[in-house]
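This is run-v1.txt. It holds compact mmCIF, C-alpha atoms and all ligand atoms.
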```
# COMPACT_ATOMS: atom_id res chain seq x y z
CA MET G 1 112.04 128.62 126.67
CA TYR G 2 113.64 125.16 126.66
CA ARG G 3 112.17 122.71 124.13
CA PHE G 4 112.62 118.93 124.22
CA SER G 5 111.10 116.79 121.47
CA GLY G 6 111.44 113.39 119.82
CA SER G 7 109.52 110.21 119.14
CA ALA G 8 108.13 107.80 121.70
CA MET G 9 105.36 105.19 121.81
CA GLY G 10 104.87 105.30 118.04
CA THR G 11 104.15 109.05 118.13
CA GLN G 12 105.87 112.40 118.79
CA TYR G 13 106.44 114.24 122.06
CA THR G 14 107.24 117.87 122.86
CA VAL G 15 108.06 119.36 126.26
CA LYS G 16 108.33 123.14 126.58
CA VAL G 17 109.73 124.64 129.79
CA VAL G 18 109.90 128.36 130.65
CA GLU G 19 112.73 129.14 133.14
CA LEU G 20 114.73 126.31 134.67
CA PRO G 21 115.82 126.30 138.34
CA ALA G 22 119.60 126.87 138.55
CA ALA G 23 120.19 123.29 139.73
CA VAL G 24 118.50 121.79 136.64
CA LEU G 25 120.71 121.34 133.54
CA PRO G 26 118.84 121.24 130.20
CA THR G 27 120.74 118.21 128.87
CA ALA G 28 120.08 116.24 132.05
CA LEU G 29 116.38 117.17 131.91
CA GLY G 30 116.18 116.08 128.27
CA GLU G 31 117.70 112.71 129.23
CA ASP G 32 115.24 112.37 132.13
CA ILE G 33 112.29 112.88 129.75
CA VAL G 34 113.57 110.22 127.33
CA ARG G 35 114.08 107.80 130.25
CA LEU G 36 110.61 108.39 131.73
CA LEU G 37 108.83 107.89 128.39
CA GLY G 38 111.01 104.82 127.76
CA GLU G 39 109.91 103.33 131.09
CA VAL G 40 106.24 103.59 130.06
CA ASP G 41 107.07 101.98 126.73
CA THR G 42 108.90 99.02 128.30
CA LYS G 43 105.98 98.50 130.70
CA MET G 44 102.83 99.27 128.73
CA SER G 45 103.49 98.75 125.03
CA THR G 46 101.66 96.08 123.03
CA TYR G 47 104.13 96.88 120.21
CA ARG G 48 107.01 95.22 122.09
CA SER G 49 106.92 91.50 122.84
CA ASP G 50 109.26 92.04 125.86
CA SER G 51 107.11 94.68 127.60
CA GLU G 52 105.55 93.93 130.98
CA LEU G 53 102.11 94.17 129.37
CA SER G 54 102.98 91.81 126.49
CA ARG G 55 104.34 89.28 128.97
CA PHE G 56 101.05 89.48 130.88
CA ASN G 57 99.02 89.18 127.65
CA ASP G 58 101.09 86.19 126.48
CA ALA G 59 100.85 84.36 129.85
CA ARG G 60 98.39 81.50 129.55
CA SER G 61 97.47 81.80 133.22
CA THR G 62 94.59 82.94 135.41
CA GLN G 63 96.87 83.25 138.46
CA TRP G 64 98.17 86.50 139.94
CA ILE G 65 101.07 87.77 137.80
CA PRO G 66 103.46 90.26 139.50
CA VAL G 67 103.62 93.64 137.72
CA SER G 68 104.93 97.13 138.52
CA GLN G 69 103.02 99.53 140.76
CA GLU G 70 102.71 101.83 137.72
CA MET G 71 100.81 99.14 135.82
CA ILE G 72 98.37 98.83 138.73
CA THR G 73 97.90 102.62 138.78
CA VAL G 74 96.99 102.66 135.08
CA VAL G 75 94.83 99.51 135.07
CA ASP G 76 92.95 100.68 138.19
CA GLU G 77 92.15 104.00 136.47
CA ALA G 78 91.12 102.16 133.29
CA LEU G 79 88.74 99.90 135.25
CA ARG G 80 87.31 102.96 137.04
CA VAL G 81 86.57 104.61 133.67
CA SER G 82 85.12 101.33 132.33
CA THR G 83 82.72 101.15 135.29
CA MET G 84 81.73 104.80 134.90
CA THR G 85 81.07 104.37 131.16
CA GLN G 86 79.38 100.92 131.38
CA GLY G 87 82.17 99.34 129.36
CA ALA G 88 82.35 101.92 126.54
CA PHE G 89 86.01 102.25 127.54
CA ASP G 90 87.51 98.78 127.90
CA ILE G 91 91.24 97.93 127.83
CA THR G 92 90.46 94.26 127.04
CA VAL G 93 89.39 95.45 123.59
CA GLY G 94 92.84 94.50 122.20
CA PRO G 95 91.73 91.45 120.13
CA LEU G 96 89.03 93.52 118.39
CA VAL G 97 91.52 96.34 117.71
CA ASP G 98 93.80 93.74 116.15
CA ILE G 99 91.25 92.04 113.87
CA TRP G 100 90.16 95.48 112.59
CA GLY G 101 93.84 96.13 111.75
CA PHE G 102 94.58 98.97 114.20
CA GLY G 103 96.87 97.06 116.54
CA PRO G 104 100.53 96.07 116.40
CA THR G 105 99.96 93.15 114.02
CA LEU G 106 99.86 94.94 110.66
CA ARG G 107 97.00 93.61 108.54
CA PRO G 108 95.45 94.49 105.20
CA GLU G 109 92.52 96.88 105.48
CA ARG G 110 89.57 94.49 105.52
CA ILE G 111 86.26 94.03 107.28
CA PRO G 112 86.46 90.92 109.53
CA ALA G 113 83.71 88.31 109.23
CA LYS G 114 80.94 88.40 111.87
CA LEU G 115 82.03 84.97 113.10
CA GLU G 116 85.54 86.31 113.72
CA ILE G 117 84.20 89.36 115.56
CA ASP G 118 81.91 87.22 117.75
CA SER G 119 84.73 84.85 118.69
CA GLU G 120 86.99 87.76 119.71
CA LEU G 121 84.09 89.38 121.61
CA ALA G 122 84.01 86.26 123.81
CA ARG G 123 87.38 87.27 125.32
CA VAL G 124 86.55 90.96 125.84
CA GLY G 125 85.24 92.37 129.11
CA PHE G 126 86.92 94.61 131.68
CA ARG G 127 85.28 92.67 134.53
CA HIS G 128 87.59 89.76 133.72
CA VAL G 129 90.62 91.79 134.85
CA HIS G 130 91.60 92.19 138.53
CA THR G 131 94.34 94.19 140.27
CA ARG G 132 96.11 93.59 143.58
CA GLU G 133 97.84 96.47 145.36
CA ASN G 134 100.29 94.67 147.60
CA PRO G 135 102.37 93.09 146.25
CA PRO G 136 101.27 94.61 142.91
CA ALA G 137 99.84 91.97 140.57
CA LEU G 138 97.32 91.51 137.76
CA LYS G 139 94.97 88.58 137.16
CA LYS G 140 92.62 87.64 134.29
CA ASP G 141 89.63 85.29 134.51
CA LEU G 142 90.24 84.04 130.96
CA GLU G 143 93.72 83.03 129.73
CA GLU G 144 93.06 84.67 126.33
CA ILE G 145 92.38 88.17 127.74
CA TYR G 146 94.53 90.71 125.86
CA ILE G 147 94.93 94.20 127.37
CA ASP G 148 95.56 97.23 125.12
CA LEU G 149 96.54 100.41 127.03
CA SER G 150 96.87 102.60 123.92
CA ALA G 151 93.95 104.82 124.96
CA ILE G 152 95.25 105.63 128.47
CA ALA G 153 99.00 105.01 128.80
CA LYS G 154 100.07 108.02 126.73
CA GLY G 155 98.09 110.20 129.13
CA TYR G 156 99.82 108.41 132.01
CA ALA G 157 103.22 109.08 130.40
CA VAL G 158 102.39 112.81 130.24
CA ASP G 159 101.44 112.82 133.94
CA LYS G 160 104.66 110.96 134.79
CA VAL G 161 106.77 113.67 133.11
CA ALA G 162 104.64 116.38 134.78
CA ASP G 163 105.25 114.83 138.23
CA HIS G 164 108.99 114.80 137.49
CA LEU G 165 109.02 118.49 136.49
CA ASP G 166 106.97 119.34 139.60
CA GLY G 167 109.56 117.46 141.67
CA LEU G 168 112.28 119.67 140.17
CA GLU G 169 110.20 122.76 141.12
CA ILE G 170 109.72 123.75 137.48
CA SER G 171 106.70 126.07 137.48
CA ASN G 172 105.93 126.71 133.79
CA TYR G 173 105.66 123.84 131.31
CA MET G 174 103.63 122.30 128.47
CA ILE G 175 104.00 118.54 127.91
CA GLU G 176 102.51 116.84 124.85
CA VAL G 177 102.71 113.17 123.84
CA GLY G 178 100.68 112.16 120.79
CA GLY G 179 98.01 114.80 121.42
CA GLU G 180 97.66 114.29 125.18
CA LEU G 181 98.78 117.32 127.22
CA ARG G 182 99.57 118.63 130.69
CA LEU G 183 99.96 122.38 131.25
CA LYS G 184 101.29 124.41 134.15
CA GLY G 185 101.87 128.12 134.71
CA TYR G 186 102.74 130.47 131.85
CA ASN G 187 104.20 130.52 128.36
CA THR G 188 107.00 132.93 127.32
CA HIS G 189 104.47 135.78 127.05
CA ARG G 190 103.75 135.39 130.79
CA ILE G 191 100.16 134.25 130.10
CA PRO G 192 98.64 130.81 130.78
CA TRP G 193 99.26 128.37 127.91
CA LYS G 194 96.82 128.53 124.99
CA ILE G 195 95.90 125.30 123.20
CA ALA G 196 94.42 124.99 119.71
CA VAL G 197 91.65 122.42 119.29
CA GLU G 198 91.97 121.01 115.77
CA ARG G 199 89.18 120.98 113.19
CA PRO G 200 88.49 117.19 112.91
CA ALA G 201 88.99 117.12 109.15
CA PRO G 202 91.21 114.35 107.76
CA GLU G 203 92.56 116.25 104.80
CA VAL G 204 93.59 119.52 106.45
CA ARG G 205 95.16 120.60 109.74
CA ALA G 206 93.24 123.70 110.85
CA ILE G 207 92.32 125.27 114.18
CA HIS G 208 88.72 124.85 115.30
CA SER G 209 88.99 126.88 118.51
CA VAL G 210 91.50 128.05 121.11
CA ILE G 211 91.28 127.20 124.82
CA GLN G 212 93.22 128.33 127.91
CA PRO G 213 92.76 125.44 130.41
CA GLY G 214 95.20 126.58 133.15
CA ASP G 215 97.05 123.88 135.15
CA LYS G 216 95.20 120.91 133.65
CA GLY G 217 95.43 117.78 131.52
CA VAL G 218 93.89 117.88 128.03
CA ALA G 219 93.21 114.99 125.64
CA THR G 220 91.49 114.74 122.27
CA SER G 221 90.27 111.60 120.56
CA GLY G 222 88.92 111.55 117.03
CA ASP G 223 88.06 109.41 114.06
CA TYR G 224 89.84 111.61 111.51
CA ARG G 225 93.45 110.43 111.79
CA ASN G 226 93.47 106.69 112.29
CA TYR G 227 90.85 104.97 110.12
CA PHE G 228 90.39 103.17 106.81
CA GLU G 229 87.66 103.53 104.19
CA GLN G 230 85.93 100.82 102.23
CA GLU G 231 83.06 101.32 99.79
CA GLY G 232 82.74 104.93 100.96
CA LYS G 233 82.38 103.97 104.64
CA ARG G 234 84.96 105.01 107.26
CA TYR G 235 86.14 102.45 109.84
CA SER G 236 87.65 104.13 112.91
CA HIS G 237 90.32 102.76 115.26
CA THR G 238 87.94 103.37 118.15
CA ILE G 239 86.01 100.17 118.74
CA ASP G 240 82.75 99.77 120.64
CA PRO G 241 83.60 96.83 122.98
CA ARG G 242 79.90 96.02 123.31
CA SER G 243 79.32 95.38 119.59
CA GLY G 244 82.89 94.59 118.48
CA LEU G 245 82.48 97.13 115.67
CA PRO G 246 84.24 100.45 115.01
CA ILE G 247 82.16 103.40 116.19
CA ASP G 248 79.63 104.48 113.61
CA HIS G 249 78.10 107.86 114.46
CA SER G 250 78.63 111.50 113.50
CA LEU G 251 80.97 112.43 116.38
CA ALA G 252 84.31 113.45 114.82
CA SER G 253 86.30 114.48 117.90
CA VAL G 254 86.06 114.89 121.65
CA THR G 255 88.32 117.04 123.82
CA VAL G 256 88.39 116.52 127.59
CA ILE G 257 90.00 118.81 130.19
CA ALA G 258 90.71 117.18 133.58
CA ASP G 259 93.22 117.25 136.46
CA THR G 260 95.26 114.43 134.90
CA ALA G 261 96.12 113.65 131.28
CA MET G 262 95.54 109.94 131.99
CA TYR G 263 91.88 110.46 132.95
CA ALA G 264 91.35 112.93 130.09
CA ASP G 265 92.89 110.42 127.63
CA ALA G 266 90.66 107.53 128.73
CA MET G 267 87.49 109.65 128.92
CA ALA G 268 88.07 111.14 125.44
CA THR G 269 88.10 107.60 124.00
CA ALA G 270 85.06 106.64 126.09
CA PHE G 271 83.07 109.62 124.80
CA MET G 272 84.07 108.74 121.22
CA VAL G 273 82.42 105.35 121.79
CA ILE G 274 79.37 106.72 123.61
CA GLY G 275 78.61 109.50 121.08
CA SER G 276 77.61 113.12 121.68
CA THR G 277 73.99 112.79 122.91
CA GLU G 278 74.55 110.21 125.67
CA GLY G 279 78.07 111.54 126.17
CA TYR G 280 76.88 115.08 126.84
CA SER G 281 74.46 113.92 129.57
CA LEU G 282 77.12 111.69 131.17
CA ALA G 283 79.54 114.65 131.12
CA GLN G 284 76.89 116.95 132.62
CA ARG G 285 75.99 114.47 135.37
CA ASN G 286 79.65 114.32 136.38
CA ASN G 287 80.38 118.04 135.80
CA LEU G 288 83.11 117.15 133.27
CA ALA G 289 84.74 119.64 130.88
CA VAL G 290 84.05 118.06 127.48
CA PHE G 291 83.85 119.48 123.96
CA PHE G 292 82.10 117.46 121.25
CA VAL G 293 82.59 118.24 117.53
CA SER G 294 80.26 116.33 115.19
CA LYS G 295 80.10 116.09 111.41
CA SER G 296 77.03 117.72 109.85
CA ALA G 297 75.73 118.18 106.31
CA THR G 298 77.33 121.64 106.17
CA GLY G 299 80.55 120.96 108.11
CA PHE G 300 80.72 120.56 111.89
CA THR G 301 78.46 121.22 114.86
CA GLU G 302 79.87 121.60 118.33
CA GLN G 303 78.66 121.15 121.87
CA ALA G 304 80.65 122.12 124.97
CA THR G 305 79.61 121.43 128.56
CA PRO G 306 79.47 124.54 130.79
CA ALA G 307 82.53 123.17 132.62
CA PHE G 308 84.42 123.31 129.28
CA SER G 309 82.99 126.59 127.89
CA ARG G 310 84.79 128.67 130.52
CA TYR G 311 88.12 127.73 128.87
CA PHE G 312 87.31 129.06 125.37
CA LEU G 313 89.26 132.15 124.35
CA ALA G 314 86.90 134.58 122.63
CA ASN G 315 87.80 135.82 119.10
CA GLU G 316 90.90 133.67 118.77
P1 LIG I 401 93.09 107.20 121.35
O1 LIG I 401 91.67 107.51 121.11
O2 LIG I 401 93.80 107.82 122.49
O3 LIG I 401 93.22 105.60 121.52
C1 LIG I 401 92.60 104.78 120.55
C2 LIG I 401 93.32 103.47 120.69
O4 LIG I 401 92.83 102.86 121.89
C3 LIG I 401 93.02 102.53 119.55
O5 LIG I 401 94.08 102.62 118.60
C4 LIG I 401 92.99 101.19 120.26
O6 LIG I 401 94.30 100.70 120.42
C5 LIG I 401 92.44 101.51 121.64
N1 LIG I 401 90.97 101.48 121.73
C6 LIG I 401 90.07 101.48 120.71
N2 LIG I 401 88.80 101.43 121.20
C7 LIG I 401 88.91 101.40 122.57
C8 LIG I 401 87.98 101.34 123.65
N3 LIG I 401 86.66 101.31 123.40
N4 LIG I 401 88.44 101.29 124.92
C9 LIG I 401 89.79 101.33 125.16
N5 LIG I 401 90.74 101.38 124.19
C10 LIG I 401 90.30 101.42 122.91
N6 LIG I 401 101.99 102.77 117.90
C11 LIG I 401 102.87 102.43 116.90
O7 LIG I 401 102.51 102.54 115.73
N7 LIG I 401 104.14 101.97 117.17
C12 LIG I 401 104.58 101.81 118.46
O8 LIG I 401 105.71 101.40 118.69
C13 LIG I 401 103.69 102.16 119.53
N8 LIG I 401 104.09 102.02 120.83
C14 LIG I 401 103.21 102.35 121.83
C15 LIG I 401 103.61 102.22 123.17
C16 LIG I 401 102.74 102.58 124.20
C17 LIG I 401 103.20 102.46 125.63
C18 LIG I 401 101.44 103.08 123.89
C19 LIG I 401 100.49 103.49 124.98
C20 LIG I 401 101.03 103.19 122.57
C21 LIG I 401 101.91 102.83 121.53
N9 LIG I 401 101.52 102.96 120.20
C22 LIG I 401 102.39 102.63 119.19
C23 LIG I 401 100.13 103.40 119.82
C24 LIG I 401 100.04 104.93 119.59
O9 LIG I 401 100.92 105.63 120.40
C25 LIG I 401 98.66 105.47 120.02
O10 LIG I 401 98.41 105.03 121.32
C26 LIG I 401 97.53 104.98 119.17
O11 LIG I 401 97.70 105.45 117.89
C27 LIG I 401 96.20 105.51 119.73
O12 LIG I 401 96.33 106.79 120.29
P2 LIG I 401 95.39 107.97 119.74
O13 LIG I 401 95.66 109.15 120.59
O14 LIG I 401 95.55 108.05 118.27
O15 LIG I 401 93.89 107.43 119.98
```
Can you dump the structure from the file as C-alpha cells?
Ligand code: FAD
Amino acid sequence: MYRFSGSAMGTQYTVKVVELPAAVLPTALGEDIVRLLGEVDTKMSTYRSDSELSRFNDARSTQWIPVSQEMITVVDEALRVSTMTQGAFDITVGPLVDIWGFGPTLRPERIPAKLEIDSELARVGFRHVHTRENPPALKKDLEEIYIDLSAIAKGYAVDKVADHLDGLEISNYMIEVGGELRLKGYNTHRIPWKIAVERPAPEVRAIHSVIQPGDKGVATSGDYRNYFEQEGKRYSHTIDPRSGLPIDHSLASVTVIADTAMYADAMATAFMVIGSTEGYSLAQRNNLAVFFVSKSATGFTEQATPAFSRYFLANE
C-alpha cells in the first residue's frame, strides 16, 4: 500500500494505492498528485484572488471571457445539475454564501438583514451563466454574477487524480479529497474498498454504516460540520438559492454514489437543499444511488434508494 496525503483546497486529501506498476516511482506519483490538485486550486478557487475563477468573478464584463477547458467541463456539469434540480444546486450562489459568512471573506457569525439577502438574490441564477466550447470561454448576463465552485470542484479534483492513475495503469486505488471519493479495484485485503458513512452528529465522529460501492465516485454533504448557531437555531453552509436562506429541514446528511465524484459531489449538495421527501422521489425517478440520514426526536432516521441499498455491507 502506498499512501499520499496532505492539504489542498482548504481541506485534507488522501490517496491510497495498492501495487504500483514498475515504471511508476512513488515519489514522482506523490508529486503528480500535488500538481494536479494545485491546478484545480489555481483555476477554481474563490479563496485566491489570482485564480481563473476569481478573475472571471472580478471581471465587470458580460462579454465572453477565455477560460480553460477544465473550467468549461466543471461549469457545464454544474449547469446540468442545476437544470435537473430546478436550481436547488446553483454555482452563482456565491454572494449568498458570503453574506452568511461561509465564503472566503471571513465575517462574524450573524444573520444578514432581509434587505441584504434580497439584494444579493438579484444577482443569483444559473441561467445567467453561459459556456462556449471552442475556444473555451465563459459569459455572464450580469456583471455582478459571482460563481462559487466549492460544491463541485473538489469532486472534479478527485476525478482528475483518478484519470491520472488510470493513465498510469494503476488498478487499485482510493482517492479522497475533503470527503469526496473515487474507488477502484481492491484494498490490501484483496477485497473491494469499504467506505464508512459517518453518523451526522456534530459532536462525535462515529460510523453510521459501511458500504462497498465498487469502482465508483462517492460524495457526502451534511449540515453537521460547517454551520453556526444563534439563539438555538443552526445555520448551515448549504444555501437554498431560491430563498437565499440556509437550508432549514431535518435532513442531516446525504451520500451519493455515482460514476464520477464530480457528479456525486454536486448532487449531494443539491439533495441537501431539496430535502429527503422531494429528494427521494427525484433520486428514484433518475435511478440514483442516494442515502438520506435525517434528524429525528430519538436520533436519526435513514432512507436509501434501492440503487444505493445494494452497496450496504450487512452487519458491519
Ligand atoms: P459541500 O456540500 O460539498 O459544498 C457546500 C459549499 O458549496 C458551501 O460551502 C458553499 O460554498 C457552496 N454552496 C452552498 N449552497 C450551495 C448550492 N445550493 N449550490 C451550489 N453550491 C452551494 N476553503 C478554505 O477554507 N480555504 C481554502 O483555501 C479553500 N480553497 C478551496 C479551493 C477550491 C478549488 C475549492 C473547490 C474549495 C476551496 N475551499 C477552501 C472550500 C472547501 O474546500 C470546501 O469546498 C467547502 O468547505 C465546502 O465543501 P464541503 O464538502 O464541506 O460541502
Show me, as a Markdown table, the residues of chain G having an atom within 8 Å of ligand LIG 401 (chain I), each with the closest atom pair and its distance in Å, using only C-alpha atoms and all ligand atoms.
```
| residue | atom | partner | partner_atom | distance |
| --- | --- | --- | --- | --- |
| G:Ala8 | CA | I:LIG401 | N8 | 7.1 |
| G:Met9 | CA | I:LIG401 | N8 | 3.6 |
| G:Gly10 | CA | I:LIG401 | N7 | 3.5 |
| G:Thr11 | CA | I:LIG401 | O9 | 5.2 |
| G:Val40 | CA | I:LIG401 | C17 | 5.5 |
| G:Asp41 | CA | I:LIG401 | C17 | 4.1 |
| G:Thr42 | CA | I:LIG401 | C17 | 7.2 |
| G:Lys43 | CA | I:LIG401 | C17 | 7.0 |
| G:Met44 | CA | I:LIG401 | C17 | 4.5 |
| G:Ser45 | CA | I:LIG401 | C17 | 3.8 |
| G:Thr46 | CA | I:LIG401 | C15 | 6.4 |
| G:Tyr47 | CA | I:LIG401 | O8 | 5.0 |
| G:Arg48 | CA | I:LIG401 | O8 | 7.2 |
| G:Gly87 | CA | I:LIG401 | N3 | 7.7 |
| G:Ala88 | CA | I:LIG401 | N3 | 5.4 |
| G:Phe89 | CA | I:LIG401 | N4 | 3.7 |
| G:Asp90 | CA | I:LIG401 | N4 | 4.0 |
| G:Ile91 | CA | I:LIG401 | C9 | 4.6 |
| G:Thr92 | CA | I:LIG401 | C9 | 7.3 |
| G:Val93 | CA | I:LIG401 | C7 | 6.1 |
| G:Gly94 | CA | I:LIG401 | O6 | 6.6 |
| G:Val97 | CA | I:LIG401 | C4 | 5.7 |
| G:Phe102 | CA | I:LIG401 | O5 | 5.7 |
| G:Gly103 | CA | I:LIG401 | O6 | 5.9 |
| G:Pro104 | CA | I:LIG401 | C11 | 6.8 |
| G:Asp148 | CA | I:LIG401 | O6 | 6.0 |
| G:Leu149 | CA | I:LIG401 | C19 | 5.4 |
| G:Ser150 | CA | I:LIG401 | C19 | 3.9 |
| G:Ala151 | CA | I:LIG401 | O3 | 3.6 |
| G:Ile152 | CA | I:LIG401 | O2 | 6.5 |
| G:Ala153 | CA | I:LIG401 | C19 | 4.4 |
| G:Lys154 | CA | I:LIG401 | C19 | 4.9 |
| G:Gly178 | CA | I:LIG401 | O13 | 5.9 |
| G:Gly179 | CA | I:LIG401 | O13 | 6.2 |
| G:Glu180 | CA | I:LIG401 | O13 | 7.2 |
| G:Ala219 | CA | I:LIG401 | O2 | 7.9 |
| G:Thr220 | CA | I:LIG401 | O13 | 7.2 |
| G:Ser221 | CA | I:LIG401 | O1 | 4.4 |
| G:Gly222 | CA | I:LIG401 | O1 | 6.4 |
| G:Arg225 | CA | I:LIG401 | O14 | 7.2 |
| G:Asn226 | CA | I:LIG401 | O14 | 6.5 |
| G:His237 | CA | I:LIG401 | O5 | 5.0 |
| G:Thr238 | CA | I:LIG401 | N2 | 3.7 |
| G:Ile239 | CA | I:LIG401 | N2 | 3.9 |
| G:Asp240 | CA | I:LIG401 | N3 | 5.0 |
| G:Pro241 | CA | I:LIG401 | N3 | 5.4 |
| G:Pro246 | CA | I:LIG401 | N2 | 7.8 |
| G:Asp265 | CA | I:LIG401 | O2 | 5.8 |
| G:Ala266 | CA | I:LIG401 | O2 | 7.0 |
| G:Ala268 | CA | I:LIG401 | O1 | 6.7 |
| G:Thr269 | CA | I:LIG401 | O1 | 4.6 |
| G:Ala270 | CA | I:LIG401 | N3 | 6.2 |
| G:Met272 | CA | I:LIG401 | O1 | 7.7 |
| G:Val273 | CA | I:LIG401 | N3 | 6.1 |
```
For the residues in that selection, give me C-alpha atoms as a PDB file, in the coordinates of the input.
```pdb
ATOM      1  CA  ALA G   8     108.130 107.800 121.700  1.00  0.00           C
ATOM      2  CA  MET G   9     105.360 105.190 121.810  1.00  0.00           C
ATOM      3  CA  GLY G  10     104.870 105.300 118.040  1.00  0.00           C
ATOM      4  CA  THR G  11     104.150 109.050 118.130  1.00  0.00           C
ATOM      5  CA  VAL G  40     106.240 103.590 130.060  1.00  0.00           C
ATOM      6  CA  ASP G  41     107.070 101.980 126.730  1.00  0.00           C
ATOM      7  CA  THR G  42     108.900  99.020 128.300  1.00  0.00           C
ATOM      8  CA  LYS G  43     105.980  98.500 130.700  1.00  0.00           C
ATOM      9  CA  MET G  44     102.830  99.270 128.730  1.00  0.00           C
ATOM     10  CA  SER G  45     103.490  98.750 125.030  1.00  0.00           C
ATOM     11  CA  THR G  46     101.660  96.080 123.030  1.00  0.00           C
ATOM     12  CA  TYR G  47     104.130  96.880 120.210  1.00  0.00           C
ATOM     13  CA  ARG G  48     107.010  95.220 122.090  1.00  0.00           C
ATOM     14  CA  GLY G  87      82.170  99.340 129.360  1.00  0.00           C
ATOM     15  CA  ALA G  88      82.350 101.920 126.540  1.00  0.00           C
ATOM     16  CA  PHE G  89      86.010 102.250 127.540  1.00  0.00           C
ATOM     17  CA  ASP G  90      87.510  98.780 127.900  1.00  0.00           C
ATOM     18  CA  ILE G  91      91.240  97.930 127.830  1.00  0.00           C
ATOM     19  CA  THR G  92      90.460  94.260 127.040  1.00  0.00           C
ATOM     20  CA  VAL G  93      89.390  95.450 123.590  1.00  0.00           C
ATOM     21  CA  GLY G  94      92.840  94.500 122.200  1.00  0.00           C
ATOM     22  CA  VAL G  97      91.520  96.340 117.710  1.00  0.00           C
ATOM     23  CA  PHE G 102      94.580  98.970 114.200  1.00  0.00           C
ATOM     24  CA  GLY G 103      96.870  97.060 116.540  1.00  0.00           C
ATOM     25  CA  PRO G 104     100.530  96.070 116.400  1.00  0.00           C
ATOM     26  CA  ASP G 148      95.560  97.230 125.120  1.00  0.00           C
ATOM     27  CA  LEU G 149      96.540 100.410 127.030  1.00  0.00           C
ATOM     28  CA  SER G 150      96.870 102.600 123.920  1.00  0.00           C
ATOM     29  CA  ALA G 151      93.950 104.820 124.960  1.00  0.00           C
ATOM     30  CA  ILE G 152      95.250 105.630 128.470  1.00  0.00           C
ATOM     31  CA  ALA G 153      99.000 105.010 128.800  1.00  0.00           C
ATOM     32  CA  LYS G 154     100.070 108.020 126.730  1.00  0.00           C
ATOM     33  CA  GLY G 178     100.680 112.160 120.790  1.00  0.00           C
ATOM     34  CA  GLY G 179      98.010 114.800 121.420  1.00  0.00           C
ATOM     35  CA  GLU G 180      97.660 114.290 125.180  1.00  0.00           C
ATOM     36  CA  ALA G 219      93.210 114.990 125.640  1.00  0.00           C
ATOM     37  CA  THR G 220      91.490 114.740 122.270  1.00  0.00           C
ATOM     38  CA  SER G 221      90.270 111.600 120.560  1.00  0.00           C
ATOM     39  CA  GLY G 222      88.920 111.550 117.030  1.00  0.00           C
ATOM     40  CA  ARG G 225      93.450 110.430 111.790  1.00  0.00           C
ATOM     41  CA  ASN G 226      93.470 106.690 112.290  1.00  0.00           C
ATOM     42  CA  HIS G 237      90.320 102.760 115.260  1.00  0.00           C
ATOM     43  CA  THR G 238      87.940 103.370 118.150  1.00  0.00           C
ATOM     44  CA  ILE G 239      86.010 100.170 118.740  1.00  0.00           C
ATOM     45  CA  ASP G 240      82.750  99.770 120.640  1.00  0.00           C
ATOM     46  CA  PRO G 241      83.600  96.830 122.980  1.00  0.00           C
ATOM     47  CA  PRO G 246      84.240 100.450 115.010  1.00  0.00           C
ATOM     48  CA  ASP G 265      92.890 110.420 127.630  1.00  0.00           C
ATOM     49  CA  ALA G 266      90.660 107.530 128.730  1.00  0.00           C
ATOM     50  CA  ALA G 268      88.070 111.140 125.440  1.00  0.00           C
ATOM     51  CA  THR G 269      88.100 107.600 124.000  1.00  0.00           C
ATOM     52  CA  ALA G 270      85.060 106.640 126.090  1.00  0.00           C
ATOM     53  CA  MET G 272      84.070 108.740 121.220  1.00  0.00           C
ATOM     54  CA  VAL G 273      82.420 105.350 121.790  1.00  0.00           C
TER      55      VAL G 273
END
```
From the list G:Leu142, G:Ala261, G:Ile147, G:Leu79, which residue is nearest Val161 (chain G) when using only C-alpha atoms?
->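 Nearest to Val161 (chain G): G:Ala261.
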Got a sec: who's within 8 Å of Val197 (chain G), counting all atoms listed in the file, leaving out chain neighbours fewer than 6 positions off, as an MDAnalysis selection string?
-> chainID G and resid 207:211 255
Separating CA of His164 (chain G) from CA of Thr83 (chain G), to the nearest tenth of an Å, is a gap of 29.7 Å
Please measure the separation of CA of Phe126 (chain G) and CA of Asn57 (chain G), giving the value in Å to one decimal.
-> 13.9 Å
If you count all atoms listed in the file, which residues fall within 12 Å of Thr27 (chain G), apart from same-chain ones fewer than 5 positions away, as number ranges by chain?
-> G: 2-4, 20, 32-34
To one decimal place, how far is CA of Gln212 (chain G) from CA of Lys194 (chain G) in Å?
-> 4.6 Å
Val293 (chain G): which residues within 8 Å, counting all atoms listed in the file, same-chain residues fewer than 2 positions away excluded, as an NGL selection string?
-> :G and (200 or 251-254 or 291 or 295 or 300-303)
Those same residues - C-alpha atoms - I'd like them written as a PDB file, in the coordinates of the input.
```
ATOM      1  CA  PRO G 200      88.490 117.190 112.910  1.00  0.00           C
ATOM      2  CA  LEU G 251      80.970 112.430 116.380  1.00  0.00           C
ATOM      3  CA  ALA G 252      84.310 113.450 114.820  1.00  0.00           C
ATOM      4  CA  SER G 253      86.300 114.480 117.900  1.00  0.00           C
ATOM      5  CA  VAL G 254      86.060 114.890 121.650  1.00  0.00           C
ATOM      6  CA  PHE G 291      83.850 119.480 123.960  1.00  0.00           C
ATOM      7  CA  LYS G 295      80.100 116.090 111.410  1.00  0.00           C
ATOM      8  CA  PHE G 300      80.720 120.560 111.890  1.00  0.00           C
ATOM      9  CA  THR G 301      78.460 121.220 114.860  1.00  0.00           C
ATOM     10  CA  GLU G 302      79.870 121.600 118.330  1.00  0.00           C
ATOM     11  CA  GLN G 303      78.660 121.150 121.870  1.00  0.00           C
TER      12      GLN G 303
END
```
Point out the residue among G:Arg35, G:Lys140, G:Arg182, G:Arg234 with the least atom-to-atom distance to His128 (chain G), counting only C-alpha atoms.
-> G:Lys140
Tell me which of G:Pro95, G:Glu198, G:Pro306, G:Gly217 sits closest to Arg123 (chain G), counting only C-alpha atoms.
-> G:Pro95
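Ranking G:Val290, G:Ala22, G:Ile111, G:Leu168 by their shortest atom-to-atom distance to Phe308 (chain G), with only C-alpha atoms included, puts G:Val290 first.
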Determine, counting only C-alpha atoms, every residue of protein, DNA or RNA that lies within 12 Å of (94.3, 122.1, 138.0) in the file coordinates, then give the result as a PyMOL selection string.
-> chain G and resi 182-185+212-218+257-261
So which one's closest to Trp64 (chain G), G:Glu143, G:Asp166, G:Glu278, G:Asp248? Using only C-alpha atoms, please.
-> G:Glu143
